[in-house]
Amino acid sequence: MREERSEIAEKVTSGDIRTVAKLIRDIDDKVPEARESLKALYPFTGRAYVVGITGSPGVGKSTLVDQLVTHLRRREQTVGILAVDPTSPFSGGAILGDRVRMQRHSMDEGVFIRSMATRGHFGGLTQSTRSAIDVLDAMGKDYILVETVGVGQDEIDIVRSAHTTIIMLVPGMGDDIQALKAGILEVGDLFVVNKADREGADRTVNDLRMMIEMDENRYKDGWKPPIVTAQAVFDQGIGEILEAIEAHRAFLRASPERIAARQREKAKNDLTEMIKDQIITQLLAEVVNSGAFEEALTSIMDRTLDPYTACDSIVSKKIKSGTR
Amino acid sequence: MERNETTEQRKRKVRVLVAKPGLDGHDRGARIIARAYRDAGFEVVYSGLHQSPEEIVQAAIQEDVDMVGLSSLAGAHMYLLPRVVELLRDKGAGDIVVCGGGIFPEEDIPKLKEAGIKEIFTPGTPLGEIVRWVEQHVEPRR
Amino acid sequence: MATRDPIEHEARTWHQRYRDAVTKNPERRARFSTVSDHPIKELYTPLDIQGLDYTRDLGFPGQFPFTRGVQPTMYRGKLWTMRMFAGLGSAKDTNERFRLLVEAGQTGLSTAFDMPTLMGYDTDSPKARGECGRCGVAIDTLDDMEVLFEDLPIDQITTSMTINPPAPVLWAMYIAMAEKRGIPRRVLGGTIQNDMLKEFIAQKTFMLPPKPSMRLITDTIEFGTKEVPKWNTISISGYHIREAGSTAVQELAFTLADGIAYVESALARGLEVDSFAPRLSFFFNSHLDFFEEIAKFRAARRMWARIMKERFKAKDQRSLWLRFHTQTAGCSLTAQQPYNNVVRTALEALAAVLGGTQSLHTNSLDEVLALPTEEAATIALRTQQIIAEESGAAHTIDPLAGSYFLERLTTEIEEQAFEYIKKIDDMGGMVAAIERNYPQMEIADAAYAYQTQIDTNEKTVVGVNKYATEEAIPVDILHIDPHLEAQQIERTNRVKEQRQREAVAAALERLGEAAQGTDNLMPFILDAVNAHATEQEICDVLREIFGVYRDPGVY
């Protein structure tokens with residue numbers, strides 16, 4: 001059952017849940033028609049405020065999202081949520097278990113919750129997730145919360161798609177701050193130390209503070225990331241977190257150049273990734289299906305050809321022959 | 001498992017909602033089947049305990065699942081399962097397959113099927129059999 | 001028990017011969033292990049119990065460490081209580097079943113409640129739709145409680161109530177009901193399950209979050225110590241942990257760790273350990289692996305005695321007793337060839353008896369399909385009676401003591417359980433471990449591993465993955481009257497009409513105020529119950545103040 005892309009766009013912008021849900025599915029499954037819908041919806045994007053929440057498994061991301069939704073709804077803001085969980089590299093399947101902690105909002109018409117799997121992409125965000133953000137944006141959501149499986153350097157992805165990126169930690173997780181060190185300041189606009197009643201909370205906060213103080217010139221846009229302690233499950237600290245998000249939002253708004261620079265960065269990243277993806281998909285398909293590839297494989301197995309030479313040869317031939 | 005992202009026929013992933021309707025808290029089976037579905041390559045949204053039929057249907061629609069698996073072990077299935085089917089139909093999502101797993105007296109099974117539950121899995125059914133059934137009877141959307 | 005050197009040499013020789021024989025004709029399985037996947041050797045000898053010291057590790061019945069039994073006379077003096085878990089439909093239906101079971105010879109009452117009652121909802125709650133009376137009896141008010149125990153000699157017989165979050169409410173109803181019949185609370189004997197930690201881990205009837213749940217439980221322990229001294233105010237349970245798929249070691253360890261948490265909570269309240277510890281009781285599963293279960297029960301007694309003595313410095317001998325009720329494993333029953341379940345239950349019951357249980361429930365053959373019929377429940381009761389009167393299993397105390405196999409297994413299970421307890425201690429105790437989802441994850445992993453073993457035929461289930469037949473064997477099952485729900489709602493509405501509205505409102509308000517303070521809530525709950533407040537009305541006050549716990553969805 002195919003609908004005109006304008007029909008779909010209309011339904012999405014008017015908030016039709018089923019259409020939005022199906023479209024996200026089509027995007028995820030890389031159905032070609034979905035792309036057309038995304039084209040039609042693009043003019044309607046750019047309104048929503050996107051908050052990324054990242055951190056190791058078990059720090060309480062879903063619980064925080066659940067509480068943020070409650071607070072945002074009290075302020076009469078509509079919310080779209082994308083909860084991303086890892087796909088099993090062995091089976092290709094996934095258990096998407098974040099929704100459980102937010103299910104109490106499922107009957108709220110102002111909230112749309114969607115679980116997604118990384119589908120083989122390691123790290124924060126996939127193209128699908130980025131496109132899904134656009135769909136929820138076009139749907140009219142004031143806020144979009146994106147919860148990802150961030151561990152270490154992979155958080156970089158979400159930075160480019162979110163206005164505010166929150167990095168969550170818990171005390172006593174070992175040397176996480178050390179582990180996160182690489183790129184953490186380029187990534188986090190706000191640090192949340194959750195389960196702050198646990199032993200080591202003060203130490204964690206101090207370690208973070210030291211790191212932040214030490215490296216002023218690495219602040220994103222010159223914004224010094226605040227640290228907020230919370231116990232999300234007890235609804236403690238959520239107000240402060242929202243305030244910090246709002247403060248960041250105001251900071252960004254105060255300088256149109258900053259916003260423009262970020263938007264450009266995002267657009268650049270998105271376009272580059274899409275082009276990369278499309279080129280690879282198309283070219284690789286042609287190459288792999290060609291005879292040259294099979295021949296090369298045979299020679300490599302015989303050890304009459306090394307893989308490096310084979311690669312150089314195939315690629316240079318392909319580039320010379322052009323893409324279309 | 002072939003993860004050749006370059007093939008044109010990119011197979012759609014099967015999406016399933018595993019849900020616990022009503023007050024029953026026995027979730028051993030639901031959690032085990034969720035793992036089995038994951039190991040079979042499906043994307044499984046787990047609803048958690050104590051869901052009303054309304055909440056389950058809302059989740060099913062937002063997550064655009066192909067199938068809802070309802071786990072029932074406390075005897076309230078004659079109300080809860082048909083209610084989920086009814087609500088899905090009301091919301092224009094009647095194409096989502098609904099199945100049940102758990103404790104069902106033999107004589108209730110035909111009644112449930114009549115009410116629109118596609119299949120009922122009773123205790124002792126091997127996980128592999130359930131997975132195979134889903135693979136054969138549940139079409140990933142469109 | 002001294003080592004005899006000649007045995008070591010002979011053992012080595014024998015094992016060599018065994019290996020040779022097995023090389024020619026392989027063992028009938030690749031691996032031999034218990035239901036919990038605990039590896040079992042082909043033979044156990046005195047060498048396996050070399051470190052065992054009779055006085056230190058076994059002792060005599062009724063003496064530390066109580067491995068051989070908590071009382072000196074055990075079944076020679078008094079058989080275990082035959083206590084059949086029962087509950088169905090309305091209070092009247094269940095009352096009939098109670099009386100049938102008492103007439104058939106059971107020696108204690110045990111109440112199963114329906115899901116709404118278990119979760120603190122009245123029958124008319126929208127959440128209760130379709131659930132009234134389906135897995136137990138529906139109790140909304142004191143009036144229902146009165147009907148439930150009508151014509152039953154509750155001053156002579158003990159009553160167990162399997163109820164958790166709303167346990168204080170149901171207990172208050174029972175006390176109020178008894179006092180209306182002129183039976184003083186001081187003589188009342190029985191048990192309320194009242195163990196919230198295992199709810200968070202396994203059974204998952206939720207209401208309040210962990211900390212307020214602990215407060216309420218401590219309130220009941222304190223109240224019982226002072227006002228209802230013969231009552232077991234908690235039944236620290238492993239049954240459900242096992243049903244959720246844990247191993248025997250996990251069942252044991254998590255149960256005792258829960259026990260430790262309750263003791264610490266009561267001590268923090270300012271209670272003297274010997275004032276409440278004698279009334280702590282336990283509840284275990286008796287699963288299919290015969291010897292593993294017996295070993296588990298014996299290890300449990302020894303462990304708890306050591307914990308109470310060494311960790312909590314209890315002085316009263318009764319504080320060191322691990323008294324327990326056992327239920328045969330529901331999860332071991334099959335829907336296929338249901339009559340096989342009679343055999344399974346019999347073996348599991350025998351294990352519990354050989355393990356020294358104080359009280360026992362045997363499952364009915366049809367419980368995989370529905371609530372038990374009278375016939376099926378009677379057979380289950382007869383199973384216990386045959387074991388007691390015909391089999392000779394109860395003629396002597398702890399008959400299997402000294403078995404090389406059993407003593408070795410008991411020690412291994414104890415060691416592994418203590419390892420878990422240490423891990424949980426390191427996390428900061430059971431409440432902290434639960435918040436981290438530690439026991440829940442362990443159980444989920446064990447459950448999945450076991451299911452995989454069954455699906456790959458590594459473990460056999462007769463009638464299911466071996467000796468299965470095509471034809472379904474018909475069994476009569478129990479039906480719950482679908483009109484019951486409407487009738488029950490009507491009953492409760494009548495109670496609401498006839499009661500004093502102001503008295504109810506006042507009682508609920510006082511309860512709300514007390515809940516915000518530190519007073520013991522039991523007297524306030526009793527007042528509300530006597531004013532005919534419904535179960536949900538009382539629970540809603542607590543929910544309002546303490547918040548509602550939601551499933552974190554650990555898979």
# chains A, B, ... in the order shown; residues from 1 in each chain; ligands from 1
$ closest_atom_pairs --of "chain A" --to "chain C" --cutoff "7 Å" --atoms "only C-alpha atoms" --output "JSON lines"
{"residue": "A:Gly97", "atom": "CA", "partner": "C:Gly553", "partner_atom": "CA", "distance": 6.8}
{"residue": "A:Val100", "atom": "CA", "partner": "C:Gly553", "partner_atom": "CA", "distance": 5.6}
{"residue": "A:Arg101", "atom": "CA", "partner": "C:Pro552", "partner_atom": "CA", "distance": 5.8}
$ residues_around --residues "Asp85 in chain A" --least-positions-apart "4" --cutoff "7 Å" --atoms "only C-alpha atoms" --output "short mmCIF file (atom, residue, chain, number, x, y, z; two decimals) with N, CA and C atoms, in the first residue's frame"
data_model
loop_
_atom_site.label_atom_id
_atom_site.label_comp_id
_atom_site.auth_asym_id
_atom_site.auth_seq_id
_atom_site.Cartn_x
_atom_site.Cartn_y
_atom_site.Cartn_z
N LEU A 96 15.07 -4.48 22.56
CA LEU A 96 14.95 -3.04 22.75
C LEU A 96 14.20 -2.84 24.07
N MET A 116 14.89 1.85 18.61
CA MET A 116 15.60 1.48 17.38
C MET A 116 16.85 0.69 17.73
N ALA A 117 17.27 -0.13 16.79
CA ALA A 117 18.50 -0.90 16.98
C ALA A 117 19.60 -0.33 16.10
N THR A 118 20.84 -0.50 16.53
CA THR A 118 21.94 0.09 15.78
C THR A 118 22.17 -0.61 14.43
N THR A 148 21.27 7.04 23.39
CA THR A 148 22.09 6.13 22.60
C THR A 148 23.02 5.32 23.48
N VAL A 149 23.57 4.32 22.85
CA VAL A 149 24.45 3.38 23.51
C VAL A 149 25.85 3.93 23.55
#
$ interface_residues --of "chain A" --to "chain B" --cutoff "8 Å" --atoms "only C-alpha atoms" --output "PyMOL selection string"
chain A and resi 1+17-18+20-22+25+29-30+88+90-97+99-100+103+106-107+112-115+117+281-282+284-285
$ closest_residue --among "A:Thr54, A:Ser321, A:Asn269, A:Thr129" --to "Glu286 in chain A" --atoms "only C-alpha atoms"
A:Ser321
$ select_by_dssp --residues "range 7-46 of chain B" --states "helix (DSSP H, G or I)" --output "list in words"
Arg28, Gly29, Ala30, Arg31, Ile32, Ile33, Ala34, Arg35, Ala36, Tyr37, Arg38 and Asp39 of chain B
$ closest_atom_pairs --of "chain B" --to "chain C" --cutoff "8 Å" --atoms "only C-alpha atoms" --output "tab-separated table"
residue	atom	partner	partner_atom	distance
B:Gly22	CA	C:Lys127	CA	6.9
B:Leu23	CA	C:Met115	CA	6.0
B:Asp24	CA	C:Met115	CA	6.5
B:Gly25	CA	C:Lys204	CA	5.0
B:His26	CA	C:Gln203	CA	6.4
B:Asp27	CA	C:Ala244	CA	7.7
B:Arg28	CA	C:Ala244	CA	5.4
B:Arg31	CA	C:Tyr555	CA	5.2
B:Ile32	CA	C:Tyr448	CA	5.7
B:Ala34	CA	C:Tyr555	CA	7.9
B:Arg35	CA	C:Tyr555	CA	7.9
B:Tyr46	CA	C:Gly553	CA	7.5
B:Ser47	CA	C:Gly553	CA	7.5
B:Gly48	CA	C:Gly553	CA	4.8
B:Leu49	CA	C:Asp551	CA	6.0
B:Ser52	CA	C:Lys127	CA	7.2
B:Ala74	CA	C:Cys135	CA	5.7
B:Gly75	CA	C:Arg134	CA	5.4
B:Ala76	CA	C:Glu131	CA	4.9
B:His77	CA	C:Gly130	CA	7.6
B:Met78	CA	C:Gly130	CA	7.3
B:Tyr79	CA	C:Gly130	CA	5.3
B:Leu80	CA	C:Gly130	CA	7.0
B:Ile103	CA	C:Leu369	CA	6.0
B:Phe104	CA	C:Leu369	CA	6.3
B:Pro105	CA	C:Leu369	CA	5.5
B:Thr122	CA	C:Ala335	CA	7.8
B:Pro123	CA	C:Ala335	CA	6.2
B:Gly124	CA	C:Val464	CA	6.2
B:Pro126	CA	C:Asp455	CA	5.6
B:Leu127	CA	C:Asp455	CA	6.9
B:Gly128	CA	C:Asp455	CA	7.5
$ write_last_selection --atoms "C-alpha atoms" --output "short mmCIF file (atom, residue, chain, number, x, y, z; two decimals), in the first residue's frame"
data_model
loop_
_atom_site.label_atom_id
_atom_site.label_comp_id
_atom_site.auth_asym_id
_atom_site.auth_seq_id
_atom_site.Cartn_x
_atom_site.Cartn_y
_atom_site.Cartn_z
CA GLY B 22 -2.74 -7.46 33.28
CA LEU B 23 -1.47 -7.86 36.81
CA ASP B 24 0.33 -11.14 36.40
CA GLY B 25 4.02 -10.83 37.27
CA HIS B 26 5.34 -14.14 35.93
CA ASP B 27 7.77 -12.96 33.31
CA ARG B 28 10.23 -15.83 33.09
CA ARG B 31 11.98 -12.74 28.95
CA ILE B 32 13.21 -16.05 27.64
CA ALA B 34 12.53 -12.20 23.99
CA ARG B 35 16.07 -13.56 24.03
CA TYR B 46 9.83 -5.64 25.61
CA SER B 47 6.94 -3.91 27.32
CA GLY B 48 7.65 -4.88 30.89
CA LEU B 49 5.04 -5.98 33.42
CA SER B 52 -3.04 -2.53 30.15
CA ALA B 74 -2.72 -15.92 35.74
CA GLY B 75 -5.93 -16.92 34.03
CA ALA B 76 -7.19 -13.56 32.86
CA HIS B 77 -6.58 -14.30 29.21
CA MET B 78 -10.20 -14.45 28.10
CA TYR B 79 -10.56 -10.75 28.73
CA LEU B 80 -7.07 -9.44 28.09
CA ILE B 103 -1.15 -21.13 30.55
CA PHE B 104 -4.32 -21.73 28.55
CA PRO B 105 -6.91 -24.41 29.21
CA THR B 122 1.44 -23.63 25.65
CA PRO B 123 4.06 -24.83 28.14
CA GLY B 124 6.66 -27.18 26.80
CA PRO B 126 10.40 -25.51 22.34
CA LEU B 127 11.67 -22.04 21.65
CA GLY B 128 12.83 -23.13 18.21
#
$ atom_distance --atom1 "CA of Ser235 in chain C" --atom2 "CA of His325 in chain C"
8.3 Å
$ residues_around --residues "Val69 in chain A" --least-positions-apart "5" --cutoff "10 Å" --atoms "only C-alpha atoms" --output "PyMOL selection string"
chain A and resi 63-64+74-75+77-81+102+105+110-111+143-145
$ atom_distance --atom1 "CA of Ser391 in chain C" --atom2 "CA of Asn363 in chain C"
19.2 Å
$ residues_around --residues "Gln498 in chain C" --least-positions-apart "5" --cutoff "12 Å" --atoms "only C-alpha atoms" --output "PyMOL selection string"
chain C and resi 143+491-493+503-504+531-533
$ write_last_selection --atoms "N, CA and C atoms" --output "compact mmCIF listing (two decimals), in the first residue's frame"
# COMPACT_ATOMS: atom_id res chain seq x y z
N ASP C 143 -15.18 -8.03 55.54
CA ASP C 143 -16.33 -8.91 55.42
C ASP C 143 -15.98 -10.16 54.61
N ARG C 491 -20.91 -7.04 46.11
CA ARG C 491 -20.70 -7.26 47.54
C ARG C 491 -19.94 -6.10 48.16
N THR C 492 -18.86 -5.73 47.51
CA THR C 492 -18.02 -4.66 48.04
C THR C 492 -18.79 -3.34 48.07
N ASN C 493 -19.58 -3.11 47.03
CA ASN C 493 -20.38 -1.88 47.02
C ASN C 493 -21.35 -1.84 48.20
N ALA C 503 -16.00 7.57 59.50
CA ALA C 503 -15.01 6.76 60.21
C ALA C 503 -13.92 6.26 59.26
N VAL C 504 -14.32 5.85 58.08
CA VAL C 504 -13.35 5.37 57.09
C VAL C 504 -12.41 6.50 56.70
N ALA C 531 -12.94 -0.20 60.27
CA ALA C 531 -13.95 0.74 59.76
C ALA C 531 -14.47 0.29 58.39
N HIS C 532 -14.02 -0.87 57.95
CA HIS C 532 -14.44 -1.44 56.66
C HIS C 532 -13.90 -0.68 55.46
N ALA C 533 -12.72 -0.09 55.60
CA ALA C 533 -12.05 0.44 54.42
C ALA C 533 -11.68 -0.76 53.54
